[in-house]
Each structure stands twice: as structure tokens, then as C-alpha cells.
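Coordinates as given in entry19.cif (mmCIF, C-alpha atoms):
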```
data_coords
loop_
_atom_site.label_atom_id
_atom_site.label_comp_id
_atom_site.auth_asym_id
_atom_site.auth_seq_id
_atom_site.Cartn_x
_atom_site.Cartn_y
_atom_site.Cartn_z
CA MET A 112 48.59 82.94 54.42
CA CYS A 113 51.65 80.84 53.74
CA GLY A 114 54.78 82.51 55.11
CA ILE A 115 57.02 81.02 52.44
CA CYS A 116 55.20 81.57 49.19
CA GLY A 117 52.30 83.84 50.15
CA CYS A 118 49.66 81.48 48.83
CA GLU A 119 46.26 81.50 50.47
CA GLN A 120 46.35 77.88 51.70
CA THR A 121 45.54 77.61 55.39
CA ALA A 122 47.52 75.53 57.84
CA SER A 123 46.04 72.36 59.21
CA GLY A 124 47.30 69.40 61.16
CA LEU A 125 50.17 69.06 63.56
CA GLY A 126 52.98 71.59 63.33
CA GLY A 127 50.90 73.80 61.03
CA TYR A 128 51.80 72.04 57.77
CA HIS A 129 49.75 72.42 54.65
CA THR A 130 50.14 70.82 51.30
CA HIS A 131 50.29 72.65 47.97
CA ASP A 132 49.01 71.79 44.58
CA HIS A 133 51.80 73.99 43.18
CA VAL A 134 55.56 74.02 43.67
CA HIS A 135 57.40 77.12 44.88
CA ASN A 136 60.99 77.74 43.89
CA GLU A 137 61.33 73.99 43.30
CA VAL A 138 62.23 73.79 47.00
CA ALA A 139 59.31 73.08 49.26
CA GLU A 140 56.08 71.23 48.76
CA LEU A 141 55.30 71.55 52.43
CA CYS A 142 55.37 74.91 54.14
CA ASN A 143 55.33 75.50 57.84
CA THR A 144 53.19 78.51 58.72
CA SER A 145 53.08 77.96 62.46
CA GLY A 146 56.49 79.36 63.31
CA LEU A 147 57.15 76.06 65.12
CA PRO A 148 60.00 73.79 64.09
CA ARG A 149 59.14 71.00 61.68
CA THR A 150 58.13 67.66 63.11
CA ARG A 151 60.13 64.60 62.17
CA MET A 152 59.63 60.87 62.47
CA VAL A 153 61.72 58.69 64.76
CA GLN A 154 61.71 54.92 64.32
CA VAL A 155 61.85 53.37 67.77
CA GLU A 156 60.85 49.67 67.76
CA GLN A 157 61.10 49.39 71.52
CA ASP A 158 59.07 47.15 73.76
CA ILE A 159 57.53 49.06 76.66
CA MET A 160 58.44 46.11 78.87
CA ALA A 161 62.12 46.45 77.88
CA ALA A 162 63.00 48.34 81.09
CA ASN A 163 61.49 45.58 83.25
CA GLN A 164 63.20 42.96 81.09
CA SER A 165 66.66 44.47 81.61
CA TYR A 166 66.15 44.42 85.40
CA ALA A 167 64.85 40.84 85.14
CA ASP A 168 67.92 39.78 83.11
CA ALA A 169 70.21 41.34 85.74
CA ASN A 170 68.32 39.52 88.52
CA ARG A 171 68.62 36.25 86.60
CA THR A 172 72.40 36.70 86.24
CA TYR A 173 72.63 37.44 89.99
CA PHE A 174 70.68 34.24 90.80
CA THR A 175 72.62 32.09 88.32
CA GLU A 176 76.01 33.21 89.67
CA ARG A 177 74.90 32.27 93.19
CA ALA A 178 73.06 29.03 92.24
CA ILE A 179 69.82 30.32 93.72
CA PHE A 180 66.64 28.56 92.59
CA VAL A 181 63.85 31.13 92.38
CA VAL A 182 60.13 30.36 92.38
CA ASN A 183 57.61 33.10 91.59
CA LEU A 184 54.25 32.08 93.11
CA LEU A 185 51.10 33.41 91.44
CA SER A 186 47.44 32.94 92.35
CA SER A 187 44.18 34.63 93.27
CA PRO A 188 43.91 36.02 96.80
CA GLY A 189 42.96 33.25 99.22
CA SER A 190 44.26 30.22 97.30
CA GLY A 191 46.54 29.25 100.17
CA LYS A 192 49.88 30.56 98.83
CA THR A 193 51.25 31.57 102.22
CA SER A 194 50.08 28.37 103.99
CA LEU A 195 51.66 26.26 101.26
CA LEU A 196 54.84 28.28 101.53
CA VAL A 197 55.01 27.90 105.33
CA GLU A 198 54.67 24.10 104.97
CA ALA A 199 57.35 23.92 102.25
CA ILE A 200 59.75 26.14 104.22
CA THR A 201 59.35 24.02 107.36
CA LEU A 202 60.42 20.94 105.39
CA LEU A 203 63.23 22.61 103.39
CA LYS A 204 64.91 25.00 105.83
CA THR A 205 67.05 22.38 107.61
CA ARG A 206 68.64 21.33 104.30
CA PHE A 207 68.90 24.51 102.24
CA PRO A 208 69.17 28.25 102.78
CA VAL A 209 65.70 29.70 102.18
CA ALA A 210 64.49 33.29 101.85
CA VAL A 211 61.15 34.82 100.92
CA ILE A 212 60.04 38.04 99.23
CA GLU A 213 56.40 38.82 100.00
CA GLY A 214 54.34 41.02 97.73
CA ASP A 215 51.08 42.49 99.00
CA GLN A 216 49.24 45.69 98.34
CA GLN A 217 49.24 46.52 102.02
CA THR A 218 50.33 45.19 105.49
CA SER A 219 53.19 42.87 106.49
CA LEU A 220 50.89 40.14 107.85
CA ASP A 221 52.25 37.50 105.45
CA THR A 222 55.85 38.35 106.30
CA ALA A 223 55.05 37.86 109.97
CA ARG A 224 53.75 34.35 109.16
CA ILE A 225 56.86 33.51 107.13
CA SER A 226 59.25 35.02 109.69
CA ALA A 227 57.69 32.75 112.35
CA THR A 228 59.29 29.80 110.49
CA GLY A 229 62.71 31.35 111.17
CA VAL A 230 63.74 32.15 107.58
CA PRO A 231 64.52 35.69 106.39
CA ALA A 232 61.63 37.44 104.67
CA TRP A 233 61.20 40.87 103.09
CA GLN A 234 57.85 42.52 102.51
CA ILE A 235 57.15 44.65 99.44
CA ASN A 236 54.01 46.75 99.71
CA THR A 237 53.01 47.58 96.17
CA GLY A 238 50.51 50.28 97.16
CA LYS A 239 48.51 51.03 94.05
CA ALA A 240 50.31 48.53 91.84
CA CYS A 241 48.75 45.14 91.13
CA HIS A 242 51.96 43.18 90.58
CA LEU A 243 55.65 42.93 91.50
CA ASP A 244 58.20 44.10 88.95
CA ALA A 245 61.85 43.16 88.47
CA HIS A 246 63.18 46.47 89.80
CA THR A 247 61.45 46.11 93.18
CA ILE A 248 62.83 42.56 93.43
CA ALA A 249 66.38 43.85 92.85
CA HIS A 250 65.94 46.28 95.76
CA ALA A 251 64.35 43.63 97.98
CA LEU A 252 67.47 41.46 97.49
CA GLU A 253 69.52 44.18 99.20
CA HIS A 254 67.63 43.43 102.40
CA LEU A 255 68.07 39.66 102.39
CA PRO A 256 71.14 37.68 103.50
CA ALA A 257 73.14 35.52 101.04
CA ILE A 258 71.36 32.25 100.23
CA ASP A 259 73.86 30.80 97.73
CA GLY A 260 72.85 27.29 96.64
CA GLY A 261 69.42 27.77 98.18
CA ILE A 262 65.92 28.77 97.26
CA LEU A 263 64.15 32.12 97.04
CA PHE A 264 60.37 32.12 97.05
CA ILE A 265 58.68 35.23 95.67
CA GLU A 266 55.04 35.37 96.73
CA ASN A 267 53.49 37.67 94.18
CA VAL A 268 50.45 39.90 94.77
CA GLY A 269 47.25 37.81 94.80
CA ASN A 270 46.09 38.53 91.25
CA LEU A 271 45.61 36.17 88.32
CA VAL A 272 46.07 38.81 85.62
CA CYS A 273 48.89 41.34 85.91
CA PRO A 274 51.79 39.36 87.47
CA ALA A 275 51.79 37.10 84.38
CA GLY A 276 53.28 39.88 82.26
CA PHE A 277 56.25 40.69 84.49
CA ASP A 278 59.42 38.61 84.36
CA LEU A 279 61.19 38.95 87.72
CA GLY A 280 64.24 36.88 86.74
CA GLU A 281 62.78 33.77 88.40
CA SER A 282 63.63 30.18 87.47
CA HIS A 283 59.93 29.26 87.23
CA LYS A 284 56.52 30.78 87.65
CA VAL A 285 54.23 28.49 89.66
CA VAL A 286 50.48 29.08 89.67
CA ILE A 287 48.32 27.92 92.56
CA LEU A 288 44.66 27.09 91.98
CA SER A 289 42.59 25.96 94.96
CA VAL A 290 39.63 23.60 94.64
CA THR A 291 37.31 26.19 96.20
CA GLU A 292 37.72 28.21 93.00
CA GLY A 293 36.29 27.14 89.62
CA ASP A 294 37.88 24.36 87.56
CA ASP A 295 37.45 26.57 84.48
CA LYS A 296 39.75 29.29 85.86
CA PRO A 297 42.66 28.44 83.52
CA LEU A 298 40.39 29.35 80.58
CA LYS A 299 39.12 32.53 82.24
CA TYR A 300 42.60 33.79 83.18
CA PRO A 301 44.75 32.16 80.49
CA ASN A 302 47.81 34.44 80.52
CA VAL A 303 48.98 33.40 83.95
CA PHE A 304 48.49 29.68 83.21
CA HIS A 305 50.33 30.14 79.93
CA ALA A 306 53.24 31.84 81.70
CA ALA A 307 53.56 29.22 84.48
CA ASP A 308 55.61 26.03 84.28
CA LEU A 309 53.80 24.32 87.15
CA MET A 310 50.27 24.36 88.57
CA LEU A 311 49.58 23.37 92.17
CA LEU A 312 45.98 22.32 92.82
CA ASN A 313 45.67 23.22 96.49
CA LYS A 314 43.15 22.41 99.27
CA ILE A 315 42.44 18.91 97.91
CA ASP A 316 41.32 17.98 101.44
CA LEU A 317 38.16 19.99 100.62
CA LEU A 318 37.33 18.01 97.45
CA PRO A 319 34.49 16.01 99.11
CA TYR A 320 32.71 19.26 99.94
CA VAL A 321 33.02 21.23 96.70
CA ARG A 322 32.11 20.79 93.06
CA PHE A 323 35.53 20.83 91.47
CA ASP A 324 36.50 18.48 88.67
CA MET A 325 40.26 17.87 88.96
CA ASN A 326 40.51 16.41 85.45
CA ALA A 327 38.58 19.34 83.96
CA ALA A 328 40.93 21.81 85.70
CA ILE A 329 44.03 19.98 84.40
CA GLU A 330 42.56 19.74 80.91
CA ALA A 331 41.73 23.46 80.93
CA ALA A 332 45.29 24.33 82.05
CA ARG A 333 46.82 22.08 79.34
CA GLN A 334 44.54 23.66 76.74
CA VAL A 335 46.22 26.98 77.51
CA ASN A 336 49.67 25.53 78.17
CA PRO A 337 50.28 21.94 76.99
CA LYS A 338 53.62 21.80 78.84
CA ILE A 339 52.39 22.80 82.32
CA GLY A 340 53.23 20.36 85.14
CA VAL A 341 50.59 19.60 87.79
CA PHE A 342 50.71 18.51 91.45
CA ALA A 343 47.65 18.06 93.66
CA VAL A 344 48.43 19.19 97.20
CA SER A 345 46.96 20.11 100.56
CA ALA A 346 48.80 22.56 102.76
CA LEU A 347 46.56 21.44 105.66
CA THR A 348 47.08 17.64 105.53
CA GLY A 349 50.45 17.63 103.76
CA ASP A 350 49.10 15.43 100.94
CA GLY A 351 51.12 15.75 97.75
CA LEU A 352 53.74 18.05 99.29
CA VAL A 353 56.52 15.48 98.78
CA ALA A 354 56.13 15.61 94.99
CA TRP A 355 56.34 19.40 95.05
CA LEU A 356 59.40 19.34 97.33
CA GLU A 357 61.12 16.86 95.00
CA TRP A 358 60.43 19.25 92.13
CA ILE A 359 62.02 22.08 94.15
CA MET A 360 65.08 19.97 95.06
CA ALA A 361 65.58 19.02 91.39
CA GLY A 362 65.45 22.76 90.67
CA ILE A 363 68.13 23.46 93.29
CA ASP A 364 70.39 20.81 91.67
CA HIS A 365 69.73 22.34 88.27
CA ALA A 366 70.63 25.82 89.59
CA LYS A 367 74.02 24.43 90.74
CA GLU A 368 74.67 22.97 87.27
CA ARG A 369 73.77 26.29 85.69
CA ARG A 370 76.17 28.10 87.99
CA GLN A 371 78.98 25.73 86.94
CA MET A 372 78.17 26.33 83.29
CA ALA A 373 78.14 30.09 83.85
CA LEU A 374 81.53 29.93 85.61
CA LEU A 375 83.01 27.78 82.82
CA ALA A 376 81.74 30.28 80.26
CA ARG A 377 83.31 33.13 82.25
CA ARG A 378 86.63 31.23 82.46
CA ALA A 379 86.57 30.62 78.70
CA ALA A 380 85.90 34.32 78.09
CA LEU A 381 88.79 35.32 80.39
CA GLN A 382 91.08 32.77 78.73
CA HIS A 383 90.16 34.19 75.36
CA GLU A 384 91.00 37.69 76.65
CA LEU A 385 94.36 36.46 78.03
CA ASP A 386 95.20 34.77 74.74
CA SER A 387 94.56 37.97 72.82
CA ILE A 388 96.97 39.86 75.15
CA ASP A 389 99.67 37.22 74.51
CA LEU A 390 99.28 37.79 70.79
CA GLN A 391 99.58 41.56 71.17
CA PHE A 392 102.90 41.44 73.02
CA MET B 125 45.58 44.58 83.13
CA HIS B 126 48.17 47.02 84.53
CA GLU B 127 47.55 49.74 81.96
CA ILE B 128 48.65 52.47 84.40
CA ALA B 129 52.06 50.81 84.84
CA LEU B 130 52.31 50.33 81.07
CA CYS B 131 51.61 54.00 80.41
CA GLU B 132 54.15 55.00 83.05
CA GLY B 133 56.66 52.80 81.21
CA LEU B 134 55.62 54.33 77.91
CA VAL B 135 56.11 57.93 79.11
CA GLN B 136 59.44 56.97 80.73
CA THR B 137 60.60 55.39 77.47
CA LEU B 138 59.62 58.55 75.55
CA GLU B 139 61.65 60.70 77.97
CA GLU B 140 64.67 58.40 77.45
CA GLN B 141 64.24 58.47 73.68
CA ALA B 142 64.15 62.28 73.82
CA GLY B 143 67.69 62.22 75.21
CA SER B 144 69.07 59.72 72.71
CA HIS B 145 67.26 61.10 69.61
CA GLY B 146 67.44 64.77 70.56
CA PHE B 147 63.81 65.90 70.58
CA ARG B 148 61.83 68.02 73.01
CA ARG B 149 58.23 67.30 72.20
CA VAL B 150 56.28 64.21 71.17
CA HIS B 151 53.24 64.88 68.95
CA ARG B 152 52.23 61.40 67.96
CA VAL B 153 53.02 57.87 69.13
CA TRP B 154 52.42 54.68 67.16
CA LEU B 155 52.03 51.65 69.42
CA GLU B 156 51.76 48.01 68.43
CA ILE B 157 49.79 45.84 70.85
CA GLY B 158 49.41 42.09 70.39
CA SER B 159 46.04 40.47 70.94
CA LEU B 160 47.63 38.01 73.42
CA ALA B 161 49.18 40.78 75.55
CA SER B 162 46.05 41.06 77.70
CA VAL B 163 46.02 44.82 77.29
CA GLU B 164 42.85 46.88 76.99
CA CYS B 165 43.56 49.47 74.29
CA ASP B 166 40.88 51.92 75.50
CA ALA B 167 42.39 51.83 78.99
CA VAL B 168 45.83 52.54 77.49
CA ARG B 169 44.44 55.60 75.65
CA PHE B 170 42.71 56.89 78.78
CA ASN B 171 45.73 56.33 81.06
CA PHE B 172 48.21 57.69 78.54
CA ASP B 173 46.39 61.05 78.41
CA ILE B 174 46.64 61.28 82.19
CA MET B 175 50.21 59.99 82.57
CA ALA B 176 51.49 62.26 79.76
CA ARG B 177 50.32 65.47 81.47
CA GLY B 178 53.23 67.70 82.36
CA THR B 179 55.66 65.60 80.26
CA ILE B 180 57.14 65.95 76.78
CA ALA B 181 54.22 63.85 75.51
CA GLU B 182 51.40 66.03 76.83
CA ASN B 183 48.47 66.07 74.35
CA ALA B 184 50.27 63.65 72.04
CA GLN B 185 48.07 61.60 69.77
CA LEU B 186 48.19 57.85 70.38
CA ASP B 187 47.74 55.46 67.44
CA ILE B 188 47.34 51.84 68.45
CA MET B 189 47.85 49.09 65.89
CA GLU B 190 46.43 45.81 67.11
CA VAL B 191 48.37 42.76 65.94
CA ASN B 192 46.77 39.32 65.80
CA GLY B 193 48.43 36.51 67.68
CA THR B 194 50.01 33.66 65.76
CA ALA B 195 51.26 30.27 66.90
CA TRP B 196 53.14 27.28 65.50
CA CYS B 197 50.89 24.22 65.50
CA LEU B 198 53.00 21.14 66.20
CA PRO B 199 50.64 18.52 64.63
CA CYS B 200 49.99 20.67 61.50
CA GLY B 201 53.55 21.99 61.21
CA LEU B 202 52.04 25.35 60.23
CA THR B 203 51.80 28.91 61.50
CA VAL B 204 48.17 29.55 62.47
CA ASP B 205 46.17 32.46 63.91
CA LEU B 206 45.64 32.47 67.66
CA HIS B 207 43.19 35.12 68.88
CA ARG B 208 43.45 34.21 72.56
CA PHE B 209 45.16 31.68 74.79
CA GLY B 210 43.22 28.42 75.09
CA ASP B 211 41.79 28.55 71.56
CA PRO B 212 42.52 25.44 69.44
CA CYS B 213 44.32 25.30 66.09
CA PRO B 214 41.78 26.41 63.43
CA ASN B 215 42.91 23.51 61.18
CA CYS B 216 43.19 20.49 63.46
CA ASP B 217 41.64 21.55 66.82
CA SER B 218 44.87 20.69 68.65
CA HIS B 219 46.09 22.76 71.62
CA GLN B 220 49.74 21.86 70.96
CA LEU B 221 50.50 25.45 70.01
CA GLN B 222 53.65 27.49 70.52
CA VAL B 223 53.01 31.23 70.49
CA LEU B 224 55.04 33.09 67.84
CA ASP B 225 53.60 36.61 67.82
CA GLY B 226 50.98 38.72 69.56
CA THR B 227 52.33 39.24 73.09
CA GLN B 228 54.18 42.50 72.31
CA ILE B 229 53.49 46.01 73.58
CA LYS B 230 55.85 47.98 71.40
CA ILE B 231 56.51 51.58 70.41
CA LYS B 232 56.94 51.57 66.63
CA LYS B 233 57.62 55.21 65.75
CA LEU B 234 57.19 58.76 66.96
CA GLU B 235 56.43 62.15 65.45
CA VAL B 236 58.55 64.67 67.31
CA THR B 237 60.05 68.16 67.27
#
```
Spell out the structure here as C-alpha cells.
Amino acid sequence: MCGICGCEQTASGLGGYHTHDHVHNEVAELCNTSGLPRTRMVQVEQDIMAANQSYADANRTYFTERAIFVVNLLSSPGSGKTSLLVEAITLLKTRFPVAVIEGDQQTSLDTARISATGVPAWQINTGKACHLDAHTIAHALEHLPAIDGGILFIENVGNLVCPAGFDLGESHKVVILSVTEGDDKPLKYPNVFHAADLMLLNKIDLLPYVRFDMNAAIEAARQVNPKIGVFAVSALTGDGLVAWLEWIMAGIDHAKERRQMALLARRAALQHELDSIDLQF
Amino acid sequence: MHEIALCEGLVQTLEEQAGSHGFRRVHRVWLEIGSLASVECDAVRFNFDIMARGTIAENAQLDIMEVNGTAWCLPCGLTVDLHRFGDPCPNCDSHQLQVLDGTQIKIKKLEVT
């Protein structure tokens, strides 16, 4: 029985509300018989990824203020990410500060390989998680020395699905596809190829032994992302590495320009603040 | 993809919203998920039930509204439907498409006490 008007309508639905076909005391058309407080609606309009995005934005500000060029490397397990990284580091480390964040579900085997090159590396073991997120990157930075004006490589967990959805604050996502995989992979795992700015086709030294159509792979990637850049490389023979290194060095120059622009913007903001004080007094 | 992480984020967001909007219990959640977000809605429902246990959202009903992806076709100069990445423009078959909508995973509204 309704506790407000005594009608015989039974409660149904959440919070014990029931509707009436009559009006009591011109006050309530909905009565709450459950004794629980009334429910109410809250408009939220919030992206679930907003928390990750705010960490990513903070990381990006940190990198911009220090002119650090950040590359987030994505691929399937076994595409040669670490080998490619070791080769690039060997060629870059005499000219620029370099550091590496390694993401793996388990073990620090990759960090051991990177550390052997002499550059600082920090391992993140994601445990059950299938990707790195911006918050773990922020904490990893606490363990690395300053590399102002240099390059930070983030080797993501070997996974062509989940890492695509997580902005880490990087300058670019780079996807690696090796010729021992299928040339139709960009169509099978489109999100990661859509999120990346550059695709490295690795292990091209194996092309004579595998059925892999380079043009088909590039066409598939461009179908998903018309703007994606492509370099064909071999970590083993060094073929094509120069083009990739030039791309990295252009990125380092760009990071320096961005730092200058950020500093100029900060100076303008401070000047504006000073001017407003002058007016007040 | 990472539906467990998404549901963790969802429950965490609900706990934060409870503080800012002053509620103690969530009865119903309306989510908007874009078709290009690479999210399996059934996996979200399953994981949400598990992740919500022992929180303010325990036993809450989850309503998922799926939103179709749209893109701007450069050759056509039109907004067109894009159901998944890699599909061509339905008008001109071009792949010169810039995604406009459909990648979101968003909480729209809540029913709370």
C-alpha cells in the first residue's frame, strides 16, 4: 500500500516508485513506498579516459618544457622492437641524451638488453594489464635522469590492440610491423595503425624467404590512416635505419622549437600579469 | 580491448562524482560507446558487474548506447558514416577520411541516491 495516499498501487522499479492514475493533494504523482530516499539524475558527460588524458597532458607539458622528443613504440610481440631500439640507441647516444621506458607484462629481460647499450632504462611490469598508461609513465620518469634536449623511447607492451587507446603524452606513436607477419595486419588491427604517425616495416632482410607484399602492407596502412609515414628497415643489416634516424633527429629539432614557443608563451603570460599589477598600483 | 581497465576507470570516476555531486549510491549508469572505440560492450557489462562489487555502484544497471562513427570525407566535402577504421567513404570509395565521432567511451548520466 502506498505510504502517502493509501492507494493499493504496488511499488515497482528502482527506489520503490510507482505511478498513479490519480493525483493526491495536488502534490505528488510519484510516491516512494520503499522508505529509501528518492533517486535523482546526475548529468555527467565525462569520458572514462579523462583521468588518463589529464596524466598524459601533464606528461606532455613536462616533455615540452624540457625539449624531450618522445616516441611510443607499438607492435605485436616478436616484431623486433627491442632489436630496432638497440640499433637506434647505438647510433644516437653519442649525439643526444637517450633514455628508455620498457613495458612488459613480466621480467626485465628487455631492460637488460637496453642497459647493455649504456643508456638509462626503466622497466615497467604491467602484470595483468595489457598496455602502459600515462600515470605509470609519470612515475617511471621519477627513476630516469634528466635528458633535456634528448629522446625518450617508450617500448609499449607487445600488443596491437590496447596500447592504441592510451595517450602517454608522447610526441608520436610509431607502429612496427615485421615482414614475418601478414601484410593485411593494418586492416585486422586498424586502431593502432590509425593512432600511429609512422610505420616501420622491419626484418626486410627476410623478404626473399616470406610471402609479404610490401606495397599491399603500405596500401592497407594508408587505407586506415592516409597520413601514416612508412620506412622499410632491418635491425639486423641496418638497411633503412638512416631514414628513421633522420626522422628522429628532425623530431628532436622540432621539440627544441616547441620548447622555445612554450617559453615565449610563458614570458608573455608573466608580462601580462606584471602589466596588470602596474595598473593596479 | 582493455575492458577491465575501462571498468576500473568507470568505477573510479563514479566514486569521484559521488564526492562532487553528493550521492552515496549509483543505481543506473548510461554509457555512450563509439563504434570506433574498439570496445566490446558485452565485456564491459560483464567486467562492470565484477568491478562494481563492494563499491557505491554495486548492482547498478548499465545502459550502453552505441554511437556510430562518422568521418569527414575530403574528396566529397561531406560528413559520412564510418563503421570501422579502413572502410571507404560510402559515396566515393575514398579512404581520405578524418574521423569526427565514434571513438568516445563516455558516461552520459547517472541515477543516484
Contacts of region 194-199 of chain B within 8 Å, all atoms listed in the file, excl. fewer than 6 positions in-chain, as a PyMOL selection string
chain B and resi 205-207+213+216+218-226
Distance query Leu185 (chain A) at most 7 Å, only C-alpha atoms, self and fewer than 2 positions along chain excluded, as a ChimeraX atom specification:
/A:183,266-267,269,271,285-287
Please save C-alpha atoms of the selected residues as a short mmCIF file (atom, residue, chain, number, x, y, z; two decimals), in the frame of the given file.
```
data_model
loop_
_atom_site.label_atom_id
_atom_site.label_comp_id
_atom_site.auth_asym_id
_atom_site.auth_seq_id
_atom_site.Cartn_x
_atom_site.Cartn_y
_atom_site.Cartn_z
CA ASN A 183 57.61 33.10 91.59
CA GLU A 266 55.04 35.37 96.73
CA ASN A 267 53.49 37.67 94.18
CA GLY A 269 47.25 37.81 94.80
CA LEU A 271 45.61 36.17 88.32
CA VAL A 285 54.23 28.49 89.66
CA VAL A 286 50.48 29.08 89.67
CA ILE A 287 48.32 27.92 92.56
#
```
I want to know what sits within 10 Å of Gln141 (chain B), based on all atoms listed in the file, with residues of the same chain fewer than 5 positions away left out; could you give that as a list in words?
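Skipping anything fewer than 5 positions along the chain leaves Val153, Val155 and Gln157 of chain A; Val135, Gln136, Gly146, Phe147, Arg148 and Leu234 of chain B.
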Nearest residue to chain A from the set B:Val153, B:Val191, B:Thr227, B:Phe209 (distances using all atoms listed in the file):
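Looking at the shortest contact to chain A, the residue is B:Phe209.
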Closest of B:Leu155, B:Val150, B:Val204, B:Cys131 to Met175 (chain B) - atom-to-atom distances counting all atoms listed in the file:
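Under the stated criterion, the closest residue is B:Cys131.
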Taking into account all atoms listed in the file, which residue in the set B:Ile128, B:Cys200, B:Ile188, B:Ala142 is nearest to Asn171 (chain B)?
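The closest residue to Asn171 (chain B) is B:Ile128.
Proximity of A:Phe180, A:Tyr166, A:Tyr300, A:Phe342 to chain B, computed with all atoms listed in the file, is greatest for A:Tyr300.
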With 7 Å as the limit and counting all atoms listed in the file, what residues in chain B lie close to chain A? Please list them as a list of chain:residue names.
B:Met125, B:His126, B:Leu130, B:Gly133, B:Leu134, B:Phe209, B:Gly210, B:His219, B:Gln220, B:Gln228, B:Ile229, B:Lys230, B:Ile231, B:Lys232, B:Lys233, B:Leu234, B:Glu235, B:Val236, B:Thr237
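Checking B:Glu190, B:Asp217, B:Glu156, B:Glu127 one by one against Phe172 (chain B), counting only C-alpha atoms, you find the shortest gap at B:Glu127.
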